[in-house]
>>> print(open('structure-v1.cif').read())   # mmCIF, C-alpha atoms and all ligand atoms
data_upload
#
loop_
_atom_site.label_atom_id
_atom_site.label_comp_id
_atom_site.auth_asym_id
_atom_site.auth_seq_id
_atom_site.Cartn_x
_atom_site.Cartn_y
_atom_site.Cartn_z
CA MET A 1 -23.77 -1.21 -16.57
CA ASP A 2 -25.37 2.21 -16.99
CA ALA A 3 -28.28 1.93 -19.46
CA VAL A 4 -27.51 5.28 -21.11
CA THR A 5 -23.73 5.61 -21.07
CA GLN A 6 -23.01 1.85 -21.29
CA LYS A 7 -20.29 2.36 -18.70
CA VAL A 8 -19.47 0.21 -15.68
CA ARG A 9 -20.75 1.79 -12.47
CA LEU A 10 -17.64 1.71 -10.25
CA ALA A 11 -17.43 2.62 -6.57
CA THR A 12 -14.71 2.59 -3.92
CA VAL A 13 -15.30 2.68 -0.17
CA TRP A 14 -12.98 3.25 2.76
CA LEU A 15 -13.63 1.30 5.97
CA GLY A 16 -11.04 0.64 8.72
CA GLY A 17 -7.84 1.28 6.75
CA CYS A 18 -5.20 3.97 6.37
CA SER A 19 -6.37 5.10 2.88
CA GLY A 20 -3.10 3.74 1.47
CA CYS A 21 -5.03 1.50 -0.93
CA HIS A 22 -6.87 4.55 -2.25
CA MET A 23 -3.55 6.40 -2.60
CA SER A 24 -2.27 3.42 -4.57
CA PHE A 25 -5.42 3.61 -6.73
CA LEU A 26 -4.47 7.23 -7.51
CA ASP A 27 -1.00 5.93 -8.45
CA LEU A 28 -2.70 4.51 -11.54
CA ASP A 29 -1.90 8.00 -12.84
CA GLU A 30 -2.74 8.43 -16.52
CA TRP A 31 -4.37 5.01 -16.63
CA LEU A 32 -7.18 6.64 -14.64
CA PHE A 33 -8.24 8.23 -17.97
CA GLU A 34 -8.66 4.69 -19.25
CA VAL A 35 -10.82 3.91 -16.22
CA ALA A 36 -12.90 7.01 -16.94
CA LYS A 37 -13.44 5.83 -20.52
CA PHE A 38 -15.09 2.61 -19.41
CA ALA A 39 -16.47 3.44 -15.96
CA ASP A 40 -18.47 6.07 -14.13
CA ILE A 41 -17.23 6.52 -10.60
CA VAL A 42 -20.49 6.67 -8.70
CA PHE A 43 -19.14 6.74 -5.12
CA SER A 44 -15.61 7.20 -3.80
CA PRO A 45 -13.78 9.12 -1.06
CA VAL A 46 -11.15 10.18 -3.61
CA ALA A 47 -13.12 10.63 -6.83
CA SER A 48 -16.69 11.62 -6.05
CA ASP A 49 -18.70 13.97 -3.84
CA ILE A 50 -21.75 11.72 -3.52
CA LYS A 51 -22.48 11.09 0.16
CA ASP A 52 -24.95 8.21 -0.08
CA TYR A 53 -23.93 4.89 -1.57
CA PRO A 54 -26.08 4.54 -4.72
CA GLU A 55 -28.12 1.61 -6.05
CA ASN A 56 -27.07 -0.68 -8.90
CA VAL A 57 -23.30 -0.50 -8.56
CA ASP A 58 -21.44 -2.94 -10.82
CA VAL A 59 -18.05 -3.08 -9.09
CA CYS A 60 -16.98 -1.82 -5.68
CA LEU A 61 -13.45 -1.84 -4.26
CA VAL A 62 -13.69 -2.05 -0.46
CA GLU A 63 -10.64 -0.83 1.42
CA GLY A 64 -10.23 -1.52 5.11
CA ALA A 65 -11.33 -3.93 7.81
CA VAL A 66 -14.68 -3.82 9.57
CA ALA A 67 -13.74 -2.10 12.82
CA ASN A 68 -16.72 -0.03 13.97
CA GLU A 69 -20.49 0.22 13.59
CA GLU A 70 -20.26 2.78 10.81
CA ASN A 71 -18.02 0.42 8.79
CA LEU A 72 -20.48 -2.40 9.36
CA GLU A 73 -23.51 -0.39 8.31
CA LEU A 74 -21.83 0.90 5.14
CA LEU A 75 -20.54 -2.55 4.20
CA LEU A 76 -23.99 -4.12 4.49
CA LYS A 77 -25.39 -1.37 2.27
CA VAL A 78 -22.56 -1.84 -0.22
CA ARG A 79 -23.17 -5.58 -0.41
CA SER A 80 -26.88 -5.20 -1.01
CA ARG A 81 -26.37 -2.64 -3.80
CA THR A 82 -23.32 -4.06 -5.58
CA ARG A 83 -22.86 -6.84 -8.10
CA ILE A 84 -19.11 -7.48 -7.73
CA LEU A 85 -17.61 -6.65 -4.35
CA ALA A 86 -13.80 -6.75 -4.16
CA SER A 87 -11.81 -6.85 -0.93
CA PHE A 88 -9.22 -4.24 -1.76
CA GLY A 89 -5.93 -4.49 0.14
CA ASP A 90 -4.72 -6.47 3.15
CA CYS A 91 -6.95 -4.73 5.72
CA ALA A 92 -10.05 -5.78 3.80
CA VAL A 93 -8.65 -9.24 2.99
CA THR A 94 -7.03 -10.21 6.33
CA ALA A 95 -8.06 -7.37 8.74
CA ASN A 96 -4.28 -6.76 8.93
CA VAL A 97 -2.94 -4.03 11.26
CA PRO A 98 -6.36 -2.82 12.48
CA ALA A 99 -6.99 -6.35 13.82
CA MET A 100 -3.88 -6.33 15.99
CA ARG A 101 -6.14 -4.94 18.70
CA ASN A 102 -8.07 -8.22 18.64
CA MET A 103 -5.24 -9.74 20.69
CA LEU A 104 -6.41 -7.53 23.59
CA GLY A 105 -9.83 -9.18 23.52
CA THR A 106 -12.82 -6.84 23.24
CA ALA A 107 -13.07 -3.09 22.48
CA GLU A 108 -13.16 -2.08 26.14
CA PRO A 109 -9.54 -2.86 27.09
CA VAL A 110 -8.39 -1.24 23.84
CA LEU A 111 -10.18 2.02 24.62
CA ARG A 112 -8.99 1.97 28.22
CA ARG A 113 -5.41 1.42 27.07
CA CYS A 114 -5.51 4.28 24.54
CA TYR A 115 -7.63 6.90 26.31
CA LEU A 116 -6.91 6.25 29.98
CA GLU A 117 -3.68 4.36 30.61
CA LEU A 118 -1.54 5.94 27.88
CA SER A 119 -3.18 9.35 27.80
CA ASP A 120 -1.20 12.37 28.94
CA GLY A 121 -4.10 14.80 28.60
CA VAL A 122 -6.04 16.09 31.59
CA SER A 123 -9.58 14.94 30.84
CA HIS A 124 -9.22 11.21 31.15
CA LYS A 125 -12.41 9.75 29.69
CA LEU A 126 -13.52 7.31 27.05
CA PRO A 127 -14.94 8.81 23.83
CA ASP A 128 -18.72 8.93 24.02
CA GLU A 129 -20.49 10.98 21.35
CA PRO A 130 -23.50 8.98 20.16
CA GLY A 131 -24.31 9.68 16.53
CA ILE A 132 -20.89 11.31 15.93
CA VAL A 133 -18.17 8.90 17.03
CA PRO A 134 -19.09 5.38 15.89
CA PRO A 135 -18.64 2.74 18.63
CA LEU A 136 -15.92 0.14 18.02
CA LEU A 137 -16.93 -3.44 17.32
CA ASP A 138 -15.51 -5.91 19.83
CA ARG A 139 -13.56 -7.64 17.09
CA VAL A 140 -12.09 -6.22 13.91
CA LEU A 141 -13.11 -8.48 11.01
CA PRO A 142 -11.93 -9.01 7.44
CA VAL A 143 -14.67 -8.15 4.95
CA HIS A 144 -15.39 -11.76 3.94
CA GLU A 145 -16.20 -12.70 7.56
CA VAL A 146 -19.13 -10.24 7.33
CA VAL A 147 -20.46 -10.41 3.75
CA SER A 148 -19.72 -12.53 0.69
CA VAL A 149 -16.80 -11.30 -1.38
CA ASP A 150 -16.37 -11.86 -5.12
CA LEU A 151 -12.72 -10.91 -5.60
CA PHE A 152 -9.68 -10.61 -3.33
CA ILE A 153 -6.92 -8.10 -4.13
CA PRO A 154 -4.30 -8.49 -1.38
CA GLY A 155 -1.37 -6.15 -0.75
CA CYS A 156 -0.48 -3.44 1.74
CA PRO A 157 -1.15 -1.52 -0.36
CA PRO A 158 -1.72 -3.41 -3.61
CA SER A 159 0.63 -1.79 -6.13
CA ALA A 160 -0.82 0.25 -8.98
CA PRO A 161 0.14 -2.43 -11.54
CA ARG A 162 -1.62 -5.06 -9.42
CA ILE A 163 -4.73 -2.88 -9.15
CA GLN A 164 -4.69 -2.29 -12.88
CA ALA A 165 -4.32 -6.01 -13.62
CA ALA A 166 -7.23 -6.74 -11.28
CA ILE A 167 -9.70 -4.11 -12.48
CA GLU A 168 -8.94 -3.92 -16.20
CA PRO A 169 -10.77 -7.20 -16.91
CA LEU A 170 -13.68 -6.06 -14.71
CA LEU A 171 -14.14 -2.95 -16.85
CA HIS A 172 -14.72 -5.27 -19.81
CA GLY A 173 -16.95 -7.73 -18.03
CA ASN A 174 -14.23 -10.34 -17.46
CA THR A 175 -12.79 -11.92 -14.32
CA PRO A 176 -9.13 -11.28 -13.46
CA LEU A 177 -6.75 -14.17 -12.79
CA MET A 178 -5.50 -13.73 -9.23
CA GLU A 179 -2.42 -15.93 -8.95
CA GLY A 180 1.34 -15.66 -8.61
CA ARG A 181 3.56 -13.37 -6.56
CA GLU A 182 2.69 -10.26 -8.57
CA MET A 183 -1.02 -10.66 -7.83
CA ILE A 184 -1.53 -12.31 -4.43
CA LYS A 185 1.45 -11.79 -2.12
CA PHE A 186 0.34 -10.28 1.18
CA GLY A 187 2.15 -7.35 2.77
CA MET B 1 23.89 -49.73 -2.98
CA SER B 2 20.84 -51.01 -4.76
CA VAL B 3 18.73 -48.86 -6.98
CA ILE B 4 14.94 -48.74 -7.13
CA THR B 5 12.69 -47.48 -9.88
CA LEU B 6 9.41 -45.61 -9.56
CA THR B 7 7.19 -43.19 -11.47
CA ILE B 8 6.68 -39.57 -10.44
CA ASP B 9 4.16 -37.44 -12.31
CA GLY B 10 4.42 -39.80 -15.24
CA GLN B 11 8.23 -39.78 -15.37
CA ALA B 12 10.18 -42.94 -14.67
CA ILE B 13 13.11 -42.49 -12.31
CA ALA B 14 15.85 -44.69 -10.83
CA ILE B 15 17.21 -43.65 -7.45
CA GLU B 16 19.31 -45.11 -4.64
CA GLU B 17 17.42 -47.16 -2.11
CA GLY B 18 16.71 -45.13 1.02
CA ALA B 19 16.04 -41.87 -0.79
CA THR B 20 12.85 -40.06 0.19
CA LEU B 21 10.02 -39.27 -2.20
CA LEU B 22 10.96 -35.60 -1.86
CA GLU B 23 14.50 -36.31 -3.06
CA ALA B 24 13.18 -38.44 -5.89
CA ALA B 25 10.72 -35.73 -6.90
CA GLN B 26 13.50 -33.14 -6.92
CA GLU B 27 15.46 -35.41 -9.27
CA VAL B 28 12.68 -35.22 -11.85
CA GLY B 29 12.15 -31.51 -11.26
CA ALA B 30 8.73 -31.81 -9.57
CA ALA B 31 8.41 -28.84 -7.22
CA ILE B 32 6.82 -30.03 -3.97
CA PRO B 33 6.30 -27.18 -1.48
CA THR B 34 7.91 -27.74 1.94
CA LEU B 35 8.07 -25.80 5.19
CA CYS B 36 9.52 -27.89 8.01
CA HIS B 37 12.05 -29.55 5.73
CA LEU B 38 15.51 -28.02 5.51
CA LYS B 39 18.35 -29.78 3.75
CA GLY B 40 21.05 -30.66 6.26
CA LEU B 41 18.63 -31.20 9.15
CA SER B 42 16.90 -34.47 9.98
CA PRO B 43 13.37 -34.63 8.51
CA VAL B 44 10.44 -34.66 10.93
CA GLY B 45 7.27 -34.42 8.83
CA ALA B 46 5.81 -31.67 11.01
CA CYS B 47 4.01 -29.39 8.55
CA ARG B 48 2.42 -31.84 6.05
CA LEU B 49 2.77 -29.34 3.22
CA CYS B 50 4.72 -31.87 1.16
CA VAL B 51 1.93 -34.47 1.00
CA VAL B 52 1.72 -36.54 -2.21
CA GLU B 53 -0.58 -39.22 -3.60
CA VAL B 54 0.73 -42.73 -4.12
CA GLU B 55 -1.46 -45.05 -6.20
CA GLY B 56 -2.87 -47.93 -4.19
CA ILE B 57 -2.39 -46.17 -0.84
CA PRO B 58 -5.62 -44.59 0.43
CA LYS B 59 -3.99 -41.81 2.46
CA LEU B 60 -1.73 -38.92 1.56
CA LEU B 61 1.95 -39.36 2.42
CA PRO B 62 4.44 -36.66 3.46
CA ALA B 63 7.17 -36.82 0.81
CA CYS B 64 9.97 -35.61 3.09
CA VAL B 65 9.72 -38.60 5.43
CA THR B 66 8.48 -41.32 3.08
CA ALA B 67 11.05 -43.64 1.55
CA ALA B 68 10.76 -44.17 -2.19
CA ALA B 69 9.85 -47.80 -2.89
CA GLU B 70 10.11 -50.03 -5.93
CA GLY B 71 7.24 -49.59 -8.38
CA MET B 72 5.53 -46.67 -6.64
CA VAL B 73 3.37 -44.45 -8.84
CA VAL B 74 3.44 -40.99 -7.30
CA HIS B 75 1.47 -37.83 -8.08
CA THR B 76 2.85 -34.60 -6.63
CA ASN B 77 0.64 -31.90 -8.03
CA THR B 78 -3.04 -32.80 -8.38
CA ASP B 79 -5.91 -30.35 -7.70
CA ASN B 80 -6.76 -32.42 -4.66
CA LEU B 81 -3.24 -31.99 -3.24
CA GLN B 82 -3.22 -28.27 -3.95
CA ASP B 83 -6.50 -27.98 -2.02
CA TYR B 84 -5.05 -29.80 0.98
CA ARG B 85 -1.88 -27.75 0.86
CA ARG B 86 -3.80 -24.48 0.65
CA THR B 87 -5.88 -25.60 3.63
CA ILE B 88 -2.71 -26.24 5.63
CA VAL B 89 -1.32 -22.80 4.77
CA GLU B 90 -4.63 -21.11 5.62
CA LEU B 91 -4.63 -22.86 9.00
CA PHE B 92 -1.10 -21.58 9.69
CA PHE B 93 -2.29 -18.05 9.01
CA ALA B 94 -5.49 -18.45 11.04
CA GLU B 95 -3.86 -19.97 14.12
CA GLY B 96 -1.05 -17.40 14.53
CA ASN B 97 -0.88 -13.63 14.24
CA HIS B 98 0.61 -12.91 10.83
CA VAL B 99 0.64 -9.27 9.81
CA CYS B 100 2.90 -9.38 6.76
CA ALA B 101 2.73 -5.62 6.23
CA VAL B 102 4.69 -4.99 9.43
CA CYS B 103 6.81 -8.16 9.54
CA VAL B 104 10.61 -8.33 9.36
CA ALA B 105 10.34 -11.27 6.96
CA ASN B 106 7.93 -9.68 4.47
CA ASN B 107 9.16 -10.64 0.97
CA ASN B 108 11.62 -13.17 2.44
CA CYS B 109 9.23 -15.60 4.06
CA GLU B 110 8.65 -19.25 3.19
CA LEU B 111 5.11 -19.15 4.60
CA GLN B 112 4.30 -16.32 2.20
CA ASP B 113 5.92 -18.31 -0.60
CA ALA B 114 3.74 -21.31 0.31
CA ALA B 115 0.64 -19.09 0.26
CA ILE B 116 1.53 -17.89 -3.22
CA SER B 117 2.37 -21.31 -4.60
CA THR B 118 -0.85 -22.83 -3.28
CA GLY B 119 -2.92 -19.93 -4.64
CA MET B 120 -4.17 -18.57 -1.31
CA THR B 121 -5.96 -15.24 -1.93
CA HIS B 122 -7.55 -15.12 1.52
CA VAL B 123 -7.99 -17.23 4.64
CA THR B 124 -11.32 -19.01 4.76
CA TYR B 125 -11.01 -20.04 8.43
CA PRO B 126 -11.75 -17.54 11.23
CA TYR B 127 -8.60 -15.94 12.64
CA GLN B 128 -7.90 -17.03 16.21
CA TYR B 129 -5.83 -14.08 17.47
CA PRO B 130 -4.02 -16.11 20.14
CA GLN B 131 -2.05 -14.32 22.86
CA ARG B 132 1.60 -15.17 22.28
CA GLU B 133 4.79 -13.87 23.87
CA VAL B 134 7.64 -11.98 22.28
CA ASP B 135 11.14 -12.60 23.64
CA VAL B 136 13.76 -9.91 23.07
CA SER B 137 16.00 -10.84 25.99
CA HIS B 138 18.84 -12.02 23.73
CA PRO B 139 21.26 -9.18 22.90
CA GLN B 140 21.46 -10.01 19.18
CA PHE B 141 18.31 -11.89 18.23
CA GLY B 142 14.58 -11.78 18.92
CA LEU B 143 11.74 -14.31 18.93
CA ASP B 144 8.18 -13.30 18.02
CA ARG B 145 5.99 -16.32 18.69
CA ASN B 146 3.08 -14.66 16.87
CA ARG B 147 4.78 -15.74 13.64
CA CYS B 148 6.05 -19.17 14.75
CA ILE B 149 4.59 -22.13 12.86
CA LEU B 150 6.21 -24.76 15.11
CA CYS B 151 8.17 -26.28 12.25
CA THR B 152 11.07 -27.07 14.66
CA ARG B 153 13.75 -26.04 12.16
CA CYS B 154 15.38 -23.87 14.85
CA VAL B 155 15.17 -26.72 17.34
CA ARG B 156 16.97 -29.09 14.97
CA ALA B 157 19.53 -26.55 13.72
CA CYS B 158 20.54 -25.70 17.27
CA ASP B 159 20.64 -29.33 18.38
CA GLU B 160 22.07 -31.08 15.33
CA LEU B 161 24.43 -28.48 13.90
CA GLU B 162 25.45 -26.34 16.85
CA GLY B 163 25.07 -29.01 19.53
CA ALA B 164 23.63 -26.48 21.97
CA HIS B 165 19.98 -27.65 22.12
CA VAL B 166 18.55 -24.38 23.34
CA TRP B 167 15.08 -24.88 21.84
CA ASP B 168 12.18 -27.22 22.50
CA ILE B 169 8.45 -27.29 21.90
CA ALA B 170 6.45 -27.28 25.14
CA TYR B 171 2.75 -27.91 25.80
CA ARG B 172 0.20 -29.34 23.37
CA GLY B 173 -2.42 -28.42 20.81
CA GLU B 174 -3.19 -24.72 20.62
CA HIS B 175 -0.97 -24.12 23.66
CA ALA B 176 2.14 -25.60 22.02
CA LYS B 177 4.93 -23.06 21.96
CA LEU B 178 8.62 -22.75 21.30
CA ILE B 179 10.63 -22.43 24.51
CA ALA B 180 14.26 -21.55 25.20
CA GLY B 181 16.10 -23.57 27.85
CA LEU B 182 13.72 -24.56 30.63
CA ASP B 183 11.00 -22.17 29.41
CA GLN B 184 13.03 -19.12 30.32
CA PRO B 185 14.06 -15.89 28.53
CA TRP B 186 16.37 -16.74 25.62
CA GLY B 187 19.01 -14.27 26.82
CA THR B 188 19.37 -16.18 30.10
CA VAL B 189 20.08 -19.56 28.49
CA ASP B 190 23.80 -20.19 29.03
CA ALA B 191 23.88 -22.94 26.41
CA CYS B 192 23.25 -20.44 23.60
CA THR B 193 26.48 -19.59 21.79
CA SER B 194 24.83 -16.80 19.78
CA CYS B 195 25.85 -18.63 16.60
CA GLY B 196 22.76 -17.51 14.69
CA LYS B 197 22.00 -20.90 13.15
CA CYS B 198 18.40 -20.78 14.35
CA VAL B 199 18.12 -17.37 12.72
CA ASP B 200 19.18 -18.80 9.37
CA ALA B 201 16.93 -21.84 9.81
CA CYS B 202 13.62 -20.12 10.60
CA PRO B 203 11.31 -20.06 7.57
CA THR B 204 9.19 -17.17 8.86
CA GLY B 205 9.72 -13.90 10.68
CA ALA B 206 9.58 -15.59 14.10
CA ILE B 207 13.33 -15.52 14.79
CA PHE B 208 15.05 -12.37 13.61
CA ARG B 209 18.15 -10.26 14.01
CA ARG B 210 17.47 -7.35 16.33
CA GLY B 211 17.57 -4.05 14.53
CA ALA B 212 16.06 -5.52 11.36
CA THR B 213 12.87 -3.72 10.51
CA VAL B 214 9.96 -4.44 8.16
CA ALA B 215 10.96 -6.60 5.18
CA GLU B 216 14.67 -6.40 6.03
CA MET B 217 15.22 -9.92 7.32
CA GLU B 218 17.13 -12.13 4.90
CA ARG B 219 18.60 -15.50 5.72
CA ASP B 220 21.43 -17.68 4.55
CA ARG B 221 19.80 -21.12 4.43
CA ALA B 222 22.54 -22.57 2.24
CA LYS B 223 24.99 -21.96 5.06
CA LEU B 224 23.25 -24.60 7.17
CA GLU B 225 23.37 -27.17 4.40
CA PHE B 226 27.04 -26.37 3.88
CA LEU B 227 27.80 -26.76 7.59
CA ALA B 228 25.92 -30.05 7.73
CA GLN B 229 28.00 -31.52 4.92
CA ALA B 230 31.33 -29.82 5.51
CA ARG B 231 32.94 -32.60 7.53
CA GLU B 232 31.73 -35.38 5.27
CA GLU B 233 33.03 -33.60 2.19
CA GLN B 234 36.18 -32.23 3.82
CA GLN B 235 35.16 -28.84 2.59
CA TRP B 236 36.05 -26.11 5.03
CA THR B 237 35.29 -22.94 3.11
CA ARG B 238 32.63 -21.98 0.62
S1 LIG C 301 6.15 -14.62 9.12
FE1 LIG C 301 5.74 -14.53 6.92
S2 LIG C 301 3.55 -14.93 6.77
FE2 LIG C 301 3.95 -14.38 8.90
S3 LIG C 301 3.65 -12.16 9.01
FE3 LIG C 301 5.82 -12.49 8.56
S4 LIG C 301 5.96 -12.37 6.32
FE4 LIG C 301 3.79 -12.71 6.83
S1 LIG C 302 21.99 -18.73 18.36
FE1 LIG C 302 22.88 -20.78 18.02
S2 LIG C 302 23.12 -21.64 20.06
FE2 LIG C 302 21.75 -19.88 20.30
S3 LIG C 302 19.70 -20.72 20.14
FE3 LIG C 302 20.27 -20.11 18.07
S4 LIG C 302 21.17 -21.96 17.15
FE4 LIG C 302 21.10 -22.30 19.37
S1 LIG C 303 10.80 -20.10 15.52
FE1 LIG C 303 10.89 -20.34 13.30
S2 LIG C 303 12.16 -22.18 12.99
FE2 LIG C 303 11.53 -22.18 15.13
S3 LIG C 303 9.69 -23.47 15.17
FE3 LIG C 303 9.02 -21.33 14.96
S4 LIG C 303 8.81 -21.00 12.76
FE4 LIG C 303 10.01 -22.87 13.02
S1 LIG C 304 8.07 -30.60 4.52
FE1 LIG C 304 7.33 -32.61 4.69
S2 LIG C 304 6.03 -32.49 6.41
FE2 LIG C 304 6.93 -30.50 6.37
#
>>> encode(input="structure-v1.cif", output="structure tokens", more="lines below")
Ligand code: SF4
Ligand code: SF4
Ligand code: SF4
Ligand code: FES
Amino acid sequence: MDAVTQKVRLATVWLGGCSGCHMSFLDLDEWLFEVAKFADIVFSPVASDIKDYPENVDVCLVEGAVANEENLELLLKVRSRTRILASFGDCAVTANVPAMRNMLGTAEPVLRRCYLELSDGVSHKLPDEPGIVPPLLDRVLPVHEVVSVDLFIPGCPPSAPRIQAAIEPLLHGNTPLMEGREMIKFG
Amino acid sequence: MSVITLTIDGQAIAIEEGATLLEAAQEVGAAIPTLCHLKGLSPVGACRLCVVEVEGIPKLLPACVTAAAEGMVVHTNTDNLQDYRRTIVELFFAEGNHVCAVCVANNNCELQDAAISTGMTHVTYPYQYPQREVDVSHPQFGLDRNRCILCTRCVRACDELEGAHVWDIAYRGEHAKLIAGLDQPWGTVDACTSCGKCVDACPTGAIFRRGATVAEMERDRAKLEFLAQAREEQQWTR
């Protein structure tokens, strides 16, 4: 809670996902005004220009699986600076589609398959730009296999009504009830 | 036929001798989740989702293959049972490759239903990502073993209702897999009549109609029950 404004400090982050969960968040449409009444969005790829994840965040919605070193670094920072961390959407909750590459084993065969075997370009080489292109992790992981998670919001993407039902209680300091088809069905 | 009496979730019930605990529970309206059970096929007790507590018996019993007995006091929905059931469902998800978002059976899947009814919000066991084969050699149907939970409903439907016995489970433990014929491509098994009974029997997205895409796969389970009883009841249309 912000000491001055008395609002919940809300963040959203985007790891290895398609941004569909964030699009669904925007589908909250006019209810976003309600969110703005009770929360300050302190970090978000769709609602803020802040580049560094701030301290003292009350609630963070984490979209996406942990697929590369950048995801991992950001997630660890998010966990250490956030009170309530929510796995937001199937990629965060189950690793989902991004984890289908895990069936090929490590990152190496995946990169070879994409950039060498299936490439029709002329410069056949693996991406290698240290500091710019983050290296893939060998295994794509759901968020809770990396850090502790306080709330799971499944769905690919979770529908706007589901998101609303999950975050409305959080804006008022309560815990949502995640049960039943409307709230926890995957896919 | 003699009748026995027992208590299920506090309700007294009288039922014909030989009935299972699952049938007795259904009589009193107690909803026990099931996966490998399908009315019209012989019960096998493969999935253990239907476990119940019976007072005086120290272990959990699968309701679909346990005969109701005189004087039993049965509990079908305790917190303890829900925990065990959720564990079973989580293990199904962890040991296969289930990506509901891109699955033909999304929204029409009994494994999803079981996850919802047992309150599974996430899988607490590490995903195994096994390598499993897909078989699309049959002209009408496909088999994606990534989604197979080895319930054997297809095996029994094909054997008991169609009399073709195309399916079996081969190998053991984590290597166990559904095979067609003598572990050959489904499309090359002459015994298959392409009747589609296995398609209607499968609880998940493992067996599907070719051409069905994400979330399109619906099944007619009642057809199998109808077929199983048709001769007995002299009922040839429905
Ligand atoms: S079979 Fe069911 S649980 Fe598995 S991926 Fe398909 S919809 Fe999900
Ligand atoms: S289509 Fe019919 S005959 Fe062929 S495998 Fe399935 S149940 Fe057996
Ligand atoms: S293919 Fe379907 S019906 Fe057959 S064993 Fe697997 S899950 Fe069960
Ligand atoms: S339904 Fe009873 S063991 Fe599967």
>>> atom_distance(input="structure-v1.cif", atom1="CA of Arg153 in chain B", atom2="CA of Val89 in chain B")
17.1 Å
>>> residues_near_ligand(input="structure-v1.cif", ligand="ligand LIG 301 (chain C)", cutoff="10 Å", atoms="only C-alpha atoms and all ligand atoms", output="PyMOL selection string")
(chain A and resi 96+185-187) or (chain B and resi 89+92-93+96-115+144-149+202-207+214-215+217)
>>> write_last_selection(input="structure-v1.cif", atoms="C-alpha atoms", output="PDB file, keeping the file's coordinate frame")
ATOM      1  CA  ASN A  96      -4.280  -6.760   8.930  1.00  0.00           C
ATOM      2  CA  LYS A 185       1.450 -11.790  -2.120  1.00  0.00           C
ATOM      3  CA  PHE A 186       0.340 -10.280   1.180  1.00  0.00           C
ATOM      4  CA  GLY A 187       2.150  -7.350   2.770  1.00  0.00           C
TER       5      GLY A 187
ATOM      6  CA  VAL B  89      -1.320 -22.800   4.770  1.00  0.00           C
ATOM      7  CA  PHE B  92      -1.100 -21.580   9.690  1.00  0.00           C
ATOM      8  CA  PHE B  93      -2.290 -18.050   9.010  1.00  0.00           C
ATOM      9  CA  GLY B  96      -1.050 -17.400  14.530  1.00  0.00           C
ATOM     10  CA  ASN B  97      -0.880 -13.630  14.240  1.00  0.00           C
ATOM     11  CA  HIS B  98       0.610 -12.910  10.830  1.00  0.00           C
ATOM     12  CA  VAL B  99       0.640  -9.270   9.810  1.00  0.00           C
ATOM     13  CA  CYS B 100       2.900  -9.380   6.760  1.00  0.00           C
ATOM     14  CA  ALA B 101       2.730  -5.620   6.230  1.00  0.00           C
ATOM     15  CA  VAL B 102       4.690  -4.990   9.430  1.00  0.00           C
ATOM     16  CA  CYS B 103       6.810  -8.160   9.540  1.00  0.00           C
ATOM     17  CA  VAL B 104      10.610  -8.330   9.360  1.00  0.00           C
ATOM     18  CA  ALA B 105      10.340 -11.270   6.960  1.00  0.00           C
ATOM     19  CA  ASN B 106       7.930  -9.680   4.470  1.00  0.00           C
ATOM     20  CA  ASN B 107       9.160 -10.640   0.970  1.00  0.00           C
ATOM     21  CA  ASN B 108      11.620 -13.170   2.440  1.00  0.00           C
ATOM     22  CA  CYS B 109       9.230 -15.600   4.060  1.00  0.00           C
ATOM     23  CA  GLU B 110       8.650 -19.250   3.190  1.00  0.00           C
ATOM     24  CA  LEU B 111       5.110 -19.150   4.600  1.00  0.00           C
ATOM     25  CA  GLN B 112       4.300 -16.320   2.200  1.00  0.00           C
ATOM     26  CA  ASP B 113       5.920 -18.310  -0.600  1.00  0.00           C
ATOM     27  CA  ALA B 114       3.740 -21.310   0.310  1.00  0.00           C
ATOM     28  CA  ALA B 115       0.640 -19.090   0.260  1.00  0.00           C
ATOM     29  CA  ASP B 144       8.180 -13.300  18.020  1.00  0.00           C
ATOM     30  CA  ARG B 145       5.990 -16.320  18.690  1.00  0.00           C
ATOM     31  CA  ASN B 146       3.080 -14.660  16.870  1.00  0.00           C
ATOM     32  CA  ARG B 147       4.780 -15.740  13.640  1.00  0.00           C
ATOM     33  CA  CYS B 148       6.050 -19.170  14.750  1.00  0.00           C
ATOM     34  CA  ILE B 149       4.590 -22.130  12.860  1.00  0.00           C
ATOM     35  CA  CYS B 202      13.620 -20.120  10.600  1.00  0.00           C
ATOM     36  CA  PRO B 203      11.310 -20.060   7.570  1.00  0.00           C
ATOM     37  CA  THR B 204       9.190 -17.170   8.860  1.00  0.00           C
ATOM     38  CA  GLY B 205       9.720 -13.900  10.680  1.00  0.00           C
ATOM     39  CA  ALA B 206       9.580 -15.590  14.100  1.00  0.00           C
ATOM     40  CA  ILE B 207      13.330 -15.520  14.790  1.00  0.00           C
ATOM     41  CA  VAL B 214       9.960  -4.440   8.160  1.00  0.00           C
ATOM     42  CA  ALA B 215      10.960  -6.600   5.180  1.00  0.00           C
ATOM     43  CA  MET B 217      15.220  -9.920   7.320  1.00  0.00           C
TER      44      MET B 217
END
>>> residues_around(input="structure-v1.cif", residues="Glu16 in chain B", least_positions_apart="3", cutoff="8 Å", atoms="all atoms listed in the file", output="list in words")
Met1, Ser2, Val3, Ile4 and Ala19 of chain B
>>> write_last_selection(input="structure-v1.cif", atoms="C-alpha atoms", output="PDB file, in the frame of the given file")
ATOM      1  CA  MET B   1      23.890 -49.730  -2.980  1.00  0.00           C
ATOM      2  CA  SER B   2      20.840 -51.010  -4.760  1.00  0.00           C
ATOM      3  CA  VAL B   3      18.730 -48.860  -6.980  1.00  0.00           C
ATOM      4  CA  ILE B   4      14.940 -48.740  -7.130  1.00  0.00           C
ATOM      5  CA  ALA B  19      16.040 -41.870  -0.790  1.00  0.00           C
TER       6      ALA B  19
END
